[in-house]
>>> print(open('query.txt').read())   # compact mmCIF, N, CA, C and O atoms
# COMPACT_ATOMS: atom_id res chain seq x y z
N MET S 167 6.85 6.14 -27.64
CA MET S 167 8.27 6.22 -27.30
C MET S 167 9.09 5.96 -28.56
O MET S 167 8.79 5.05 -29.32
N GLU S 168 10.13 6.78 -28.72
CA GLU S 168 11.02 6.60 -29.85
C GLU S 168 11.64 5.20 -29.82
O GLU S 168 12.00 4.70 -28.76
N GLU S 169 11.81 4.63 -30.99
CA GLU S 169 12.32 3.26 -31.08
C GLU S 169 13.71 3.11 -30.46
O GLU S 169 14.00 2.13 -29.79
N GLU S 170 14.58 4.12 -30.67
CA GLU S 170 15.94 3.99 -30.14
C GLU S 170 15.95 3.99 -28.61
O GLU S 170 16.76 3.30 -27.99
N ILE S 171 15.04 4.70 -27.99
CA ILE S 171 14.94 4.69 -26.52
C ILE S 171 14.35 3.36 -26.06
O ILE S 171 14.83 2.74 -25.12
N TYR S 172 13.31 2.91 -26.74
CA TYR S 172 12.70 1.62 -26.43
C TYR S 172 13.75 0.50 -26.51
O TYR S 172 13.86 -0.33 -25.60
N ASN S 173 14.53 0.49 -27.57
CA ASN S 173 15.57 -0.53 -27.75
C ASN S 173 16.65 -0.42 -26.67
O ASN S 173 17.17 -1.42 -26.20
N TYR S 174 17.00 0.79 -26.29
CA TYR S 174 17.98 1.03 -25.25
C TYR S 174 17.53 0.38 -23.93
O TYR S 174 18.32 -0.20 -23.20
N LEU S 175 16.24 0.47 -23.63
CA LEU S 175 15.70 -0.06 -22.37
C LEU S 175 15.66 -1.57 -22.32
O LEU S 175 15.57 -2.16 -21.24
N GLU S 176 15.71 -2.21 -23.47
CA GLU S 176 15.57 -3.66 -23.52
C GLU S 176 16.64 -4.41 -22.74
O GLU S 176 16.41 -5.52 -22.29
N LYS S 177 17.79 -3.80 -22.51
CA LYS S 177 18.86 -4.48 -21.80
C LYS S 177 18.68 -4.48 -20.28
O LYS S 177 19.41 -5.14 -19.56
N PHE S 178 17.65 -3.77 -19.81
CA PHE S 178 17.42 -3.66 -18.37
C PHE S 178 16.39 -4.66 -17.89
O PHE S 178 15.55 -5.14 -18.67
N GLU S 179 16.44 -4.94 -16.59
CA GLU S 179 15.46 -5.84 -15.99
C GLU S 179 14.09 -5.17 -15.95
O GLU S 179 13.97 -3.95 -16.04
N GLU S 180 13.07 -5.99 -15.77
CA GLU S 180 11.69 -5.50 -15.81
C GLU S 180 11.42 -4.40 -14.79
O GLU S 180 10.73 -3.43 -15.08
N GLU S 181 11.96 -4.54 -13.59
CA GLU S 181 11.72 -3.53 -12.56
C GLU S 181 12.24 -2.16 -13.00
O GLU S 181 11.57 -1.14 -12.82
N THR S 182 13.42 -2.13 -13.59
CA THR S 182 14.00 -0.88 -14.06
C THR S 182 13.15 -0.30 -15.19
O THR S 182 12.87 0.90 -15.22
N LYS S 183 12.70 -1.15 -16.11
CA LYS S 183 11.86 -0.67 -17.22
C LYS S 183 10.56 -0.08 -16.70
O LYS S 183 10.13 0.98 -17.17
N GLN S 184 9.94 -0.73 -15.74
CA GLN S 184 8.67 -0.23 -15.20
C GLN S 184 8.85 1.12 -14.53
O GLN S 184 8.03 2.02 -14.70
N ARG S 185 9.91 1.28 -13.78
CA ARG S 185 10.19 2.58 -13.13
C ARG S 185 10.45 3.66 -14.18
O ARG S 185 9.99 4.79 -14.06
N PHE S 186 11.19 3.30 -15.21
CA PHE S 186 11.47 4.24 -16.28
C PHE S 186 10.15 4.71 -16.91
O PHE S 186 9.94 5.90 -17.12
N TYR S 187 9.27 3.76 -17.22
CA TYR S 187 7.98 4.11 -17.85
C TYR S 187 7.13 5.00 -16.96
O TYR S 187 6.46 5.91 -17.45
N GLU S 188 7.16 4.77 -15.65
CA GLU S 188 6.42 5.63 -14.72
C GLU S 188 6.92 7.08 -14.83
O GLU S 188 6.13 8.02 -14.90
N LEU S 189 8.23 7.24 -14.82
CA LEU S 189 8.82 8.58 -14.91
C LEU S 189 8.59 9.19 -16.29
O LEU S 189 8.31 10.39 -16.42
N TYR S 190 8.67 8.37 -17.31
CA TYR S 190 8.43 8.80 -18.69
C TYR S 190 7.02 9.39 -18.81
O TYR S 190 6.83 10.47 -19.38
N LYS S 191 6.03 8.73 -18.24
CA LYS S 191 4.65 9.21 -18.28
C LYS S 191 4.50 10.54 -17.55
O LYS S 191 3.76 11.41 -17.97
N LEU S 192 5.23 10.69 -16.44
CA LEU S 192 5.17 11.94 -15.69
C LEU S 192 5.76 13.10 -16.48
O LEU S 192 5.28 14.23 -16.37
N ILE S 193 6.80 12.84 -17.25
CA ILE S 193 7.36 13.90 -18.10
C ILE S 193 6.28 14.42 -19.04
O ILE S 193 6.07 15.63 -19.16
N TYR S 194 5.57 13.51 -19.69
CA TYR S 194 4.54 13.91 -20.63
C TYR S 194 3.33 14.54 -19.94
O TYR S 194 2.68 15.42 -20.49
N ALA S 195 3.05 14.12 -18.71
CA ALA S 195 1.93 14.70 -17.96
C ALA S 195 2.25 16.10 -17.45
O ALA S 195 1.35 16.85 -17.08
N SER S 196 3.52 16.46 -17.46
CA SER S 196 3.94 17.75 -16.91
C SER S 196 3.79 18.92 -17.88
O SER S 196 3.89 20.07 -17.49
N THR S 197 3.55 18.63 -19.15
CA THR S 197 3.49 19.70 -20.15
C THR S 197 2.59 19.31 -21.31
O THR S 197 2.42 18.13 -21.60
N SER S 198 2.06 20.32 -21.96
CA SER S 198 1.28 20.08 -23.18
C SER S 198 2.11 20.40 -24.42
O SER S 198 1.65 20.25 -25.54
N GLN S 199 3.35 20.84 -24.19
CA GLN S 199 4.23 21.18 -25.32
C GLN S 199 4.75 19.91 -25.99
O GLN S 199 4.74 18.83 -25.42
N ASN S 200 5.24 20.08 -27.20
CA ASN S 200 5.82 18.98 -27.95
C ASN S 200 7.18 18.61 -27.38
O ASN S 200 8.04 19.47 -27.21
N ILE S 201 7.37 17.34 -27.09
CA ILE S 201 8.64 16.85 -26.54
C ILE S 201 9.36 16.06 -27.62
O ILE S 201 8.78 15.19 -28.25
N GLU S 202 10.63 16.40 -27.81
CA GLU S 202 11.46 15.66 -28.76
C GLU S 202 12.27 14.63 -27.97
O GLU S 202 12.99 14.98 -27.03
N GLU S 203 12.14 13.37 -28.33
CA GLU S 203 12.86 12.28 -27.66
C GLU S 203 14.06 11.87 -28.50
O GLU S 203 13.94 11.73 -29.71
N LYS S 204 15.19 11.68 -27.82
CA LYS S 204 16.35 11.13 -28.52
C LYS S 204 17.37 10.65 -27.51
O LYS S 204 17.32 11.02 -26.33
N LEU S 205 18.27 9.81 -27.98
CA LEU S 205 19.41 9.42 -27.16
C LEU S 205 20.50 10.47 -27.35
O LEU S 205 20.89 10.77 -28.47
N TRP S 206 20.95 11.05 -26.26
CA TRP S 206 22.06 12.00 -26.29
C TRP S 206 23.18 11.34 -25.50
O TRP S 206 23.00 10.99 -24.34
N ALA S 207 24.30 11.13 -26.13
CA ALA S 207 25.42 10.43 -25.50
C ALA S 207 24.94 9.09 -24.92
O ALA S 207 25.31 8.70 -23.83
N LYS S 208 24.07 8.45 -25.67
CA LYS S 208 23.47 7.15 -25.31
C LYS S 208 22.57 7.22 -24.08
O LYS S 208 22.31 6.22 -23.43
N LEU S 209 22.06 8.42 -23.74
CA LEU S 209 21.19 8.60 -22.59
C LEU S 209 19.81 9.07 -23.05
O LEU S 209 19.71 10.02 -23.84
N PRO S 210 18.72 8.44 -22.58
CA PRO S 210 17.38 8.87 -22.97
C PRO S 210 17.12 10.32 -22.54
O PRO S 210 17.21 10.65 -21.35
N SER S 211 16.84 11.15 -23.52
CA SER S 211 16.71 12.59 -23.30
C SER S 211 15.42 13.09 -23.91
O SER S 211 15.02 12.66 -24.99
N PHE S 212 14.79 14.05 -23.21
CA PHE S 212 13.48 14.56 -23.61
C PHE S 212 13.56 16.08 -23.63
O PHE S 212 13.70 16.73 -22.60
N TYR S 213 13.49 16.63 -24.84
CA TYR S 213 13.72 18.06 -25.06
C TYR S 213 12.45 18.83 -25.38
O TYR S 213 11.59 18.34 -26.11
N ILE S 214 12.39 20.04 -24.85
CA ILE S 214 11.49 21.07 -25.34
C ILE S 214 12.41 22.26 -25.59
O ILE S 214 12.99 22.82 -24.65
N GLU S 215 12.59 22.58 -26.86
CA GLU S 215 13.56 23.58 -27.29
C GLU S 215 14.93 23.22 -26.72
O GLU S 215 15.41 22.12 -26.93
N ASN S 216 15.55 24.12 -25.95
CA ASN S 216 16.89 23.84 -25.40
C ASN S 216 16.85 23.26 -23.99
O ASN S 216 17.89 23.05 -23.38
N ASN S 217 15.67 23.04 -23.47
CA ASN S 217 15.53 22.50 -22.12
C ASN S 217 15.39 20.99 -22.19
O ASN S 217 14.68 20.46 -23.04
N VAL S 218 16.03 20.30 -21.24
CA VAL S 218 16.07 18.84 -21.31
C VAL S 218 15.83 18.21 -19.95
O VAL S 218 16.21 18.77 -18.92
N VAL S 219 15.18 17.06 -19.98
CA VAL S 219 15.09 16.16 -18.84
C VAL S 219 15.66 14.84 -19.34
O VAL S 219 15.31 14.38 -20.42
N ARG S 220 16.54 14.25 -18.53
CA ARG S 220 17.11 12.94 -18.89
C ARG S 220 16.76 11.93 -17.82
O ARG S 220 16.79 12.25 -16.62
N LEU S 221 16.45 10.73 -18.27
CA LEU S 221 16.22 9.60 -17.37
C LEU S 221 17.32 8.59 -17.65
O LEU S 221 17.42 8.07 -18.76
N ILE S 222 18.14 8.33 -16.65
CA ILE S 222 19.30 7.47 -16.85
C ILE S 222 19.15 6.23 -15.97
O ILE S 222 19.35 6.29 -14.76
N PRO S 223 18.73 5.12 -16.58
CA PRO S 223 18.46 3.92 -15.79
C PRO S 223 19.72 3.17 -15.39
O PRO S 223 20.70 3.12 -16.13
N PHE S 224 19.66 2.61 -14.19
CA PHE S 224 20.68 1.72 -13.65
C PHE S 224 19.97 0.50 -13.09
O PHE S 224 18.74 0.46 -13.04
N LYS S 225 20.72 -0.47 -12.63
CA LYS S 225 20.12 -1.71 -12.13
C LYS S 225 19.17 -1.48 -10.95
O LYS S 225 18.11 -2.06 -10.88
N ASP S 226 19.57 -0.61 -10.00
CA ASP S 226 18.78 -0.44 -8.78
C ASP S 226 18.17 0.96 -8.60
O ASP S 226 17.52 1.23 -7.60
N HIS S 227 18.39 1.84 -9.56
CA HIS S 227 17.83 3.20 -9.46
C HIS S 227 17.80 3.86 -10.83
O HIS S 227 18.32 3.31 -11.80
N ILE S 228 17.18 5.03 -10.87
CA ILE S 228 17.18 5.85 -12.07
C ILE S 228 17.63 7.25 -11.67
O ILE S 228 17.13 7.81 -10.69
N ASN S 229 18.60 7.76 -12.39
CA ASN S 229 19.02 9.15 -12.19
C ASN S 229 18.15 10.04 -13.08
O ASN S 229 17.89 9.70 -14.23
N ILE S 230 17.75 11.15 -12.51
CA ILE S 230 16.96 12.12 -13.25
C ILE S 230 17.77 13.40 -13.33
O ILE S 230 18.17 13.96 -12.31
N GLN S 231 18.02 13.83 -14.55
CA GLN S 231 18.67 15.12 -14.76
C GLN S 231 17.57 16.10 -15.14
O GLN S 231 16.99 16.01 -16.23
N ALA S 232 17.25 16.99 -14.23
CA ALA S 232 16.23 18.01 -14.45
C ALA S 232 16.66 19.24 -13.65
O ALA S 232 16.81 19.17 -12.43
N LYS S 233 16.88 20.34 -14.33
CA LYS S 233 17.49 21.51 -13.68
C LYS S 233 16.71 22.01 -12.48
O LYS S 233 17.28 22.57 -11.56
N ALA S 234 15.39 21.79 -12.45
CA ALA S 234 14.58 22.30 -11.34
C ALA S 234 14.64 21.42 -10.10
O ALA S 234 14.13 21.82 -9.05
N ALA S 235 15.26 20.27 -10.16
CA ALA S 235 15.32 19.37 -9.00
C ALA S 235 15.96 20.06 -7.79
O ALA S 235 15.48 19.93 -6.67
N VAL S 236 17.03 20.81 -8.02
CA VAL S 236 17.72 21.46 -6.90
C VAL S 236 16.85 22.54 -6.24
O VAL S 236 17.05 22.86 -5.08
N LEU S 237 15.86 23.06 -6.96
CA LEU S 237 14.95 24.06 -6.39
C LEU S 237 14.00 23.44 -5.37
O LEU S 237 13.38 24.15 -4.59
N HIS S 238 13.90 22.12 -5.40
CA HIS S 238 12.97 21.40 -4.52
C HIS S 238 13.72 20.49 -3.54
O HIS S 238 13.15 19.52 -3.05
N GLU S 239 14.95 20.84 -3.25
CA GLU S 239 15.79 20.01 -2.38
C GLU S 239 15.12 19.71 -1.04
O GLU S 239 15.19 18.60 -0.53
N ASN S 240 14.46 20.71 -0.47
CA ASN S 240 13.80 20.52 0.84
C ASN S 240 12.68 19.49 0.78
O ASN S 240 12.41 18.81 1.76
N GLU S 241 12.02 19.37 -0.36
CA GLU S 241 10.92 18.41 -0.52
C GLU S 241 11.44 17.03 -0.92
O GLU S 241 10.68 16.07 -0.94
N LEU S 242 12.71 16.95 -1.23
CA LEU S 242 13.32 15.70 -1.72
C LEU S 242 14.32 15.13 -0.72
O LEU S 242 15.26 14.46 -1.10
N GLU S 243 14.10 15.38 0.57
CA GLU S 243 15.08 14.99 1.59
C GLU S 243 15.36 13.49 1.62
O GLU S 243 16.46 13.08 1.96
N GLU S 244 14.38 12.65 1.26
CA GLU S 244 14.62 11.20 1.30
C GLU S 244 15.31 10.68 0.04
O GLU S 244 15.60 9.50 -0.07
N TYR S 245 15.58 11.57 -0.90
CA TYR S 245 16.25 11.21 -2.15
C TYR S 245 17.64 11.84 -2.16
O TYR S 245 17.87 12.87 -1.54
N LYS S 246 18.54 11.23 -2.90
CA LYS S 246 19.89 11.77 -3.01
C LYS S 246 19.96 12.65 -4.25
O LYS S 246 19.48 12.28 -5.32
N ILE S 247 20.57 13.81 -4.09
CA ILE S 247 20.91 14.65 -5.23
C ILE S 247 22.43 14.65 -5.31
O ILE S 247 23.11 15.02 -4.36
N THR S 248 22.95 14.18 -6.44
CA THR S 248 24.40 14.05 -6.59
C THR S 248 25.05 15.43 -6.72
O THR S 248 24.36 16.42 -6.99
N PRO S 249 26.37 15.51 -6.55
CA PRO S 249 27.06 16.79 -6.73
C PRO S 249 26.82 17.42 -8.11
O PRO S 249 26.91 18.63 -8.26
N LYS S 250 26.51 16.60 -9.12
CA LYS S 250 26.23 17.13 -10.45
C LYS S 250 24.76 17.50 -10.63
O LYS S 250 24.33 17.83 -11.72
N GLY S 251 23.97 17.41 -9.55
CA GLY S 251 22.57 17.81 -9.61
C GLY S 251 21.62 16.73 -10.10
O GLY S 251 20.47 17.01 -10.41
N MET S 252 22.10 15.49 -10.15
CA MET S 252 21.23 14.38 -10.57
C MET S 252 20.41 13.91 -9.37
O MET S 252 20.95 13.72 -8.28
N LEU S 253 19.14 13.71 -9.59
CA LEU S 253 18.26 13.18 -8.57
C LEU S 253 18.22 11.67 -8.71
O LEU S 253 17.90 11.15 -9.78
N GLN S 254 18.59 10.94 -7.65
CA GLN S 254 18.61 9.48 -7.70
C GLN S 254 17.34 8.94 -7.05
O GLN S 254 17.04 9.27 -5.90
N VAL S 255 16.61 8.12 -7.82
CA VAL S 255 15.40 7.49 -7.31
C VAL S 255 15.64 5.98 -7.34
O VAL S 255 15.69 5.37 -8.41
N PHE S 256 15.80 5.40 -6.15
CA PHE S 256 16.02 3.96 -6.06
C PHE S 256 14.69 3.24 -6.21
O PHE S 256 13.63 3.77 -5.87
N HIS S 257 14.74 2.03 -6.72
CA HIS S 257 13.52 1.28 -7.00
C HIS S 257 12.65 1.06 -5.76
O HIS S 257 11.44 0.93 -5.87
N LYS S 258 13.27 1.03 -4.60
CA LYS S 258 12.50 0.80 -3.37
C LYS S 258 11.78 2.07 -2.89
O LYS S 258 10.97 2.00 -1.98
N GLN S 259 12.10 3.21 -3.48
CA GLN S 259 11.50 4.47 -3.05
C GLN S 259 10.21 4.77 -3.81
O GLN S 259 10.06 4.39 -4.98
N GLN S 260 9.31 5.47 -3.14
CA GLN S 260 8.09 5.93 -3.79
C GLN S 260 8.42 7.03 -4.79
O GLN S 260 9.40 7.76 -4.62
N ILE S 261 7.58 7.16 -5.80
CA ILE S 261 7.71 8.26 -6.76
C ILE S 261 6.64 9.29 -6.40
O ILE S 261 5.46 9.01 -6.52
N PRO S 262 7.06 10.47 -5.94
CA PRO S 262 6.09 11.52 -5.62
C PRO S 262 5.61 12.18 -6.92
O PRO S 262 6.21 13.15 -7.40
N CYS S 263 4.56 11.65 -7.49
CA CYS S 263 4.13 12.01 -8.84
C CYS S 263 3.92 13.51 -9.03
O CYS S 263 4.43 14.10 -9.99
N GLU S 264 3.16 14.14 -8.14
CA GLU S 264 2.87 15.57 -8.33
C GLU S 264 4.13 16.41 -8.23
O GLU S 264 4.32 17.35 -9.01
N LEU S 265 5.00 16.09 -7.29
CA LEU S 265 6.25 16.83 -7.15
C LEU S 265 7.13 16.66 -8.38
O LEU S 265 7.69 17.63 -8.90
N PHE S 266 7.24 15.44 -8.88
CA PHE S 266 8.06 15.21 -10.06
C PHE S 266 7.47 15.90 -11.29
O PHE S 266 8.21 16.44 -12.11
N LYS S 267 6.15 15.92 -11.42
CA LYS S 267 5.55 16.66 -12.54
C LYS S 267 5.89 18.15 -12.45
O LYS S 267 6.20 18.78 -13.46
N THR S 268 5.88 18.68 -11.24
CA THR S 268 6.25 20.09 -11.05
C THR S 268 7.71 20.32 -11.42
O THR S 268 8.04 21.29 -12.13
N ILE S 269 8.59 19.42 -11.00
CA ILE S 269 10.01 19.54 -11.33
C ILE S 269 10.22 19.48 -12.83
O ILE S 269 10.97 20.28 -13.41
N PHE S 270 9.56 18.55 -13.50
CA PHE S 270 9.70 18.44 -14.95
C PHE S 270 9.16 19.69 -15.64
O PHE S 270 9.81 20.24 -16.54
N LYS S 271 8.00 20.15 -15.20
CA LYS S 271 7.41 21.36 -15.82
C LYS S 271 8.36 22.55 -15.66
O LYS S 271 8.61 23.27 -16.62
N GLU S 272 8.86 22.76 -14.46
CA GLU S 272 9.77 23.89 -14.22
C GLU S 272 11.08 23.73 -14.98
O GLU S 272 11.69 24.73 -15.38
N SER S 273 11.52 22.52 -15.21
CA SER S 273 12.75 22.29 -15.96
C SER S 273 12.59 22.64 -17.43
O SER S 273 13.56 22.93 -18.12
N TYR S 274 11.37 22.61 -17.90
CA TYR S 274 11.10 22.94 -19.30
C TYR S 274 10.81 24.43 -19.51
O TYR S 274 10.64 24.88 -20.62
N GLU S 275 10.74 25.20 -18.43
CA GLU S 275 10.44 26.63 -18.57
C GLU S 275 11.69 27.45 -18.75
O GLU S 275 12.77 27.08 -18.41
>>> encode(input="query.txt", output="structure tokens")
Amino acid sequence: MEEEIYNYLEKFEEETKQRFYELYKLIYASTSQNIEEKLWAKLPSFYIENNVVRLIPFKDHINIQAKAAVLHENELEEYKITPKGMLQVFHKQQIPCELFKTIFKESYE
């Protein structure tokens, strides 16, 4: 993990950091391509060329910005998708690993 993203996460509680790391691992498991990590507008962002997935941590949830999330709305009924297309995953919710890997992979295509 890039140092600037690691340092950014330090201000969050352990539960938020653990959820972030789970999602971070799924991003990398979704592709064999090279991912460029950086903070964009102070938000952890993961790029393959011009395609991006962002993980935006909050105290009780993590927002995921991934363009393919809206394509899987029917499979994500227990999760909230904001009007801006952000997928909200609250800490109390399960992470559907295979579905999220598919969403991340499709977001990078």
>>> select_by_dssp(input="query.txt", residues="chain S", states="alpha helix (DSSP H)", output="VMD selection string")
chain S and resid 169 to 175 180 to 195 263 to 273
>>> closest_residue(input="query.txt", among="S:Leu209, S:Ala195, S:Ile269, S:Ile171", to="Leu221 (chain S)", atoms="only N, CA, C and O atoms")
S:Leu209
>>> select_by_dssp(input="query.txt", residues="chain S", states="strand (DSSP E or B)", output="ChimeraX atom specification")
/S:202-206,209-214,217-223,227-232,246-247,252-256
>>> closest_residue(input="query.txt", among="S:Val218, S:Leu242, S:Ala234, S:Ile228", to="Phe256 (chain S)", atoms="all atoms listed in the file")
S:Ile228
>>> atom_distance(input="query.txt", atom1="CA of Lys225 (chain S)", atom2="CA of Glu179 (chain S)")
7.3 Å
>>> atom_distance(input="query.txt", atom1="atom C of Leu237 (chain S)", atom2="atom N of Lys267 (chain S)")
12.4 Å
>>> atom_distance(input="query.txt", atom1="CA of Lys208 (chain S)", atom2="CA of Gln231 (chain S)")
14.1 Å
>>> closest_residue(input="query.txt", among="S:Glu203, S:Asp226, S:Glu272, S:Glu264", to="Phe178 (chain S)", atoms="only C-alpha atoms")
S:Asp226
>>> build_atoms(input="query.txt", residues="region 169-179 of chain S", atoms="all heavy atoms", output="PDB file, in the frame of the given file")
ATOM      1  N   GLU S 169      11.810   4.630 -30.990  1.00  0.00           N
ATOM      2  CA  GLU S 169      12.320   3.260 -31.080  1.00  0.00           C
ATOM      3  C   GLU S 169      13.710   3.110 -30.460  1.00  0.00           C
ATOM      4  O   GLU S 169      14.000   2.130 -29.790  1.00  0.00           O
ATOM      5  CB  GLU S 169      12.339   2.812 -32.543  1.00  0.00           C
ATOM      6  CG  GLU S 169      12.719   1.367 -32.713  1.00  0.00           C
ATOM      7  CD  GLU S 169      12.641   0.898 -34.158  1.00  0.00           C
ATOM      8  OE1 GLU S 169      12.180   1.654 -35.020  1.00  0.00           O
ATOM      9  OE2 GLU S 169      13.055  -0.241 -34.397  1.00  0.00           O
ATOM     10  N   GLU S 170      14.580   4.120 -30.670  1.00  0.00           N
ATOM     11  CA  GLU S 170      15.940   3.990 -30.140  1.00  0.00           C
ATOM     12  C   GLU S 170      15.950   3.990 -28.610  1.00  0.00           C
ATOM     13  O   GLU S 170      16.760   3.300 -27.990  1.00  0.00           O
ATOM     14  CB  GLU S 170      16.870   5.060 -30.703  1.00  0.00           C
ATOM     15  CG  GLU S 170      16.535   6.477 -30.319  1.00  0.00           C
ATOM     16  CD  GLU S 170      17.475   7.500 -30.926  1.00  0.00           C
ATOM     17  OE1 GLU S 170      18.430   7.138 -31.644  1.00  0.00           O
ATOM     18  OE2 GLU S 170      17.246   8.686 -30.681  1.00  0.00           O
ATOM     19  N   ILE S 171      15.040   4.700 -27.990  1.00  0.00           N
ATOM     20  CA  ILE S 171      14.940   4.690 -26.520  1.00  0.00           C
ATOM     21  C   ILE S 171      14.350   3.360 -26.060  1.00  0.00           C
ATOM     22  O   ILE S 171      14.830   2.740 -25.120  1.00  0.00           O
ATOM     23  CB  ILE S 171      14.135   5.894 -26.003  1.00  0.00           C
ATOM     24  CG1 ILE S 171      14.928   7.181 -26.274  1.00  0.00           C
ATOM     25  CG2 ILE S 171      13.841   5.746 -24.507  1.00  0.00           C
ATOM     26  CD1 ILE S 171      14.210   8.463 -25.926  1.00  0.00           C
ATOM     27  N   TYR S 172      13.310   2.910 -26.740  1.00  0.00           N
ATOM     28  CA  TYR S 172      12.700   1.620 -26.430  1.00  0.00           C
ATOM     29  C   TYR S 172      13.750   0.500 -26.510  1.00  0.00           C
ATOM     30  O   TYR S 172      13.860  -0.330 -25.600  1.00  0.00           O
ATOM     31  CB  TYR S 172      11.535   1.350 -27.380  1.00  0.00           C
ATOM     32  CG  TYR S 172      10.862   0.032 -27.135  1.00  0.00           C
ATOM     33  CD1 TYR S 172       9.879  -0.094 -26.164  1.00  0.00           C
ATOM     34  CD2 TYR S 172      11.217  -1.102 -27.870  1.00  0.00           C
ATOM     35  CE1 TYR S 172       9.262  -1.311 -25.924  1.00  0.00           C
ATOM     36  CE2 TYR S 172      10.610  -2.320 -27.633  1.00  0.00           C
ATOM     37  CZ  TYR S 172       9.639  -2.418 -26.661  1.00  0.00           C
ATOM     38  OH  TYR S 172       9.034  -3.626 -26.421  1.00  0.00           O
ATOM     39  N   ASN S 173      14.530   0.490 -27.570  1.00  0.00           N
ATOM     40  CA  ASN S 173      15.570  -0.530 -27.750  1.00  0.00           C
ATOM     41  C   ASN S 173      16.650  -0.420 -26.670  1.00  0.00           C
ATOM     42  O   ASN S 173      17.170  -1.420 -26.200  1.00  0.00           O
ATOM     43  CB  ASN S 173      16.189  -0.430 -29.135  1.00  0.00           C
ATOM     44  CG  ASN S 173      15.212  -0.846 -30.223  1.00  0.00           C
ATOM     45  OD1 ASN S 173      14.241  -1.558 -29.980  1.00  0.00           O
ATOM     46  ND2 ASN S 173      15.463  -0.372 -31.427  1.00  0.00           N
ATOM     47  N   TYR S 174      17.000   0.790 -26.290  1.00  0.00           N
ATOM     48  CA  TYR S 174      17.980   1.030 -25.250  1.00  0.00           C
ATOM     49  C   TYR S 174      17.530   0.380 -23.930  1.00  0.00           C
ATOM     50  O   TYR S 174      18.320  -0.200 -23.200  1.00  0.00           O
ATOM     51  CB  TYR S 174      18.178   2.537 -25.066  1.00  0.00           C
ATOM     52  CG  TYR S 174      19.013   2.941 -23.890  1.00  0.00           C
ATOM     53  CD1 TYR S 174      20.404   2.989 -23.972  1.00  0.00           C
ATOM     54  CD2 TYR S 174      18.422   3.298 -22.678  1.00  0.00           C
ATOM     55  CE1 TYR S 174      21.176   3.371 -22.887  1.00  0.00           C
ATOM     56  CE2 TYR S 174      19.188   3.674 -21.588  1.00  0.00           C
ATOM     57  CZ  TYR S 174      20.562   3.710 -21.699  1.00  0.00           C
ATOM     58  OH  TYR S 174      21.321   4.086 -20.620  1.00  0.00           O
ATOM     59  N   LEU S 175      16.240   0.470 -23.630  1.00  0.00           N
ATOM     60  CA  LEU S 175      15.700  -0.060 -22.370  1.00  0.00           C
ATOM     61  C   LEU S 175      15.660  -1.570 -22.320  1.00  0.00           C
ATOM     62  O   LEU S 175      15.570  -2.160 -21.240  1.00  0.00           O
ATOM     63  CB  LEU S 175      14.291   0.487 -22.137  1.00  0.00           C
ATOM     64  CG  LEU S 175      14.204   1.961 -21.780  1.00  0.00           C
ATOM     65  CD1 LEU S 175      12.761   2.389 -21.716  1.00  0.00           C
ATOM     66  CD2 LEU S 175      14.917   2.243 -20.478  1.00  0.00           C
ATOM     67  N   GLU S 176      15.710  -2.210 -23.470  1.00  0.00           N
ATOM     68  CA  GLU S 176      15.570  -3.660 -23.520  1.00  0.00           C
ATOM     69  C   GLU S 176      16.640  -4.410 -22.740  1.00  0.00           C
ATOM     70  O   GLU S 176      16.410  -5.520 -22.290  1.00  0.00           O
ATOM     71  CB  GLU S 176      15.555  -4.142 -24.978  1.00  0.00           C
ATOM     72  CG  GLU S 176      14.231  -3.877 -25.672  1.00  0.00           C
ATOM     73  CD  GLU S 176      13.047  -4.491 -24.934  1.00  0.00           C
ATOM     74  OE1 GLU S 176      13.025  -5.718 -24.735  1.00  0.00           O
ATOM     75  OE2 GLU S 176      12.150  -3.729 -24.530  1.00  0.00           O
ATOM     76  N   LYS S 177      17.790  -3.800 -22.510  1.00  0.00           N
ATOM     77  CA  LYS S 177      18.860  -4.480 -21.800  1.00  0.00           C
ATOM     78  C   LYS S 177      18.680  -4.480 -20.280  1.00  0.00           C
ATOM     79  O   LYS S 177      19.410  -5.140 -19.560  1.00  0.00           O
ATOM     80  CB  LYS S 177      20.220  -3.858 -22.149  1.00  0.00           C
ATOM     81  CG  LYS S 177      20.395  -2.423 -21.700  1.00  0.00           C
ATOM     82  CD  LYS S 177      21.716  -1.866 -22.166  1.00  0.00           C
ATOM     83  CE  LYS S 177      21.833  -0.395 -21.783  1.00  0.00           C
ATOM     84  NZ  LYS S 177      23.027   0.199 -22.323  1.00  0.00           N
ATOM     85  N   PHE S 178      17.650  -3.770 -19.810  1.00  0.00           N
ATOM     86  CA  PHE S 178      17.420  -3.660 -18.370  1.00  0.00           C
ATOM     87  C   PHE S 178      16.390  -4.660 -17.890  1.00  0.00           C
ATOM     88  O   PHE S 178      15.550  -5.140 -18.670  1.00  0.00           O
ATOM     89  CB  PHE S 178      16.986  -2.232 -18.004  1.00  0.00           C
ATOM     90  CG  PHE S 178      18.072  -1.224 -18.183  1.00  0.00           C
ATOM     91  CD1 PHE S 178      18.152  -0.482 -19.352  1.00  0.00           C
ATOM     92  CD2 PHE S 178      19.040  -1.028 -17.204  1.00  0.00           C
ATOM     93  CE1 PHE S 178      19.172   0.443 -19.534  1.00  0.00           C
ATOM     94  CE2 PHE S 178      20.061  -0.114 -17.378  1.00  0.00           C
ATOM     95  CZ  PHE S 178      20.117   0.628 -18.554  1.00  0.00           C
ATOM     96  N   GLU S 179      16.440  -4.940 -16.590  1.00  0.00           N
ATOM     97  CA  GLU S 179      15.460  -5.840 -15.990  1.00  0.00           C
ATOM     98  C   GLU S 179      14.090  -5.170 -15.950  1.00  0.00           C
ATOM     99  O   GLU S 179      13.970  -3.950 -16.040  1.00  0.00           O
ATOM    100  CB  GLU S 179      15.912  -6.214 -14.575  1.00  0.00           C
ATOM    101  CG  GLU S 179      17.170  -7.057 -14.565  1.00  0.00           C
ATOM    102  CD  GLU S 179      17.630  -7.398 -13.159  1.00  0.00           C
ATOM    103  OE1 GLU S 179      16.854  -7.228 -12.201  1.00  0.00           O
ATOM    104  OE2 GLU S 179      18.782  -7.834 -13.043  1.00  0.00           O
TER     105      GLU S 179
END
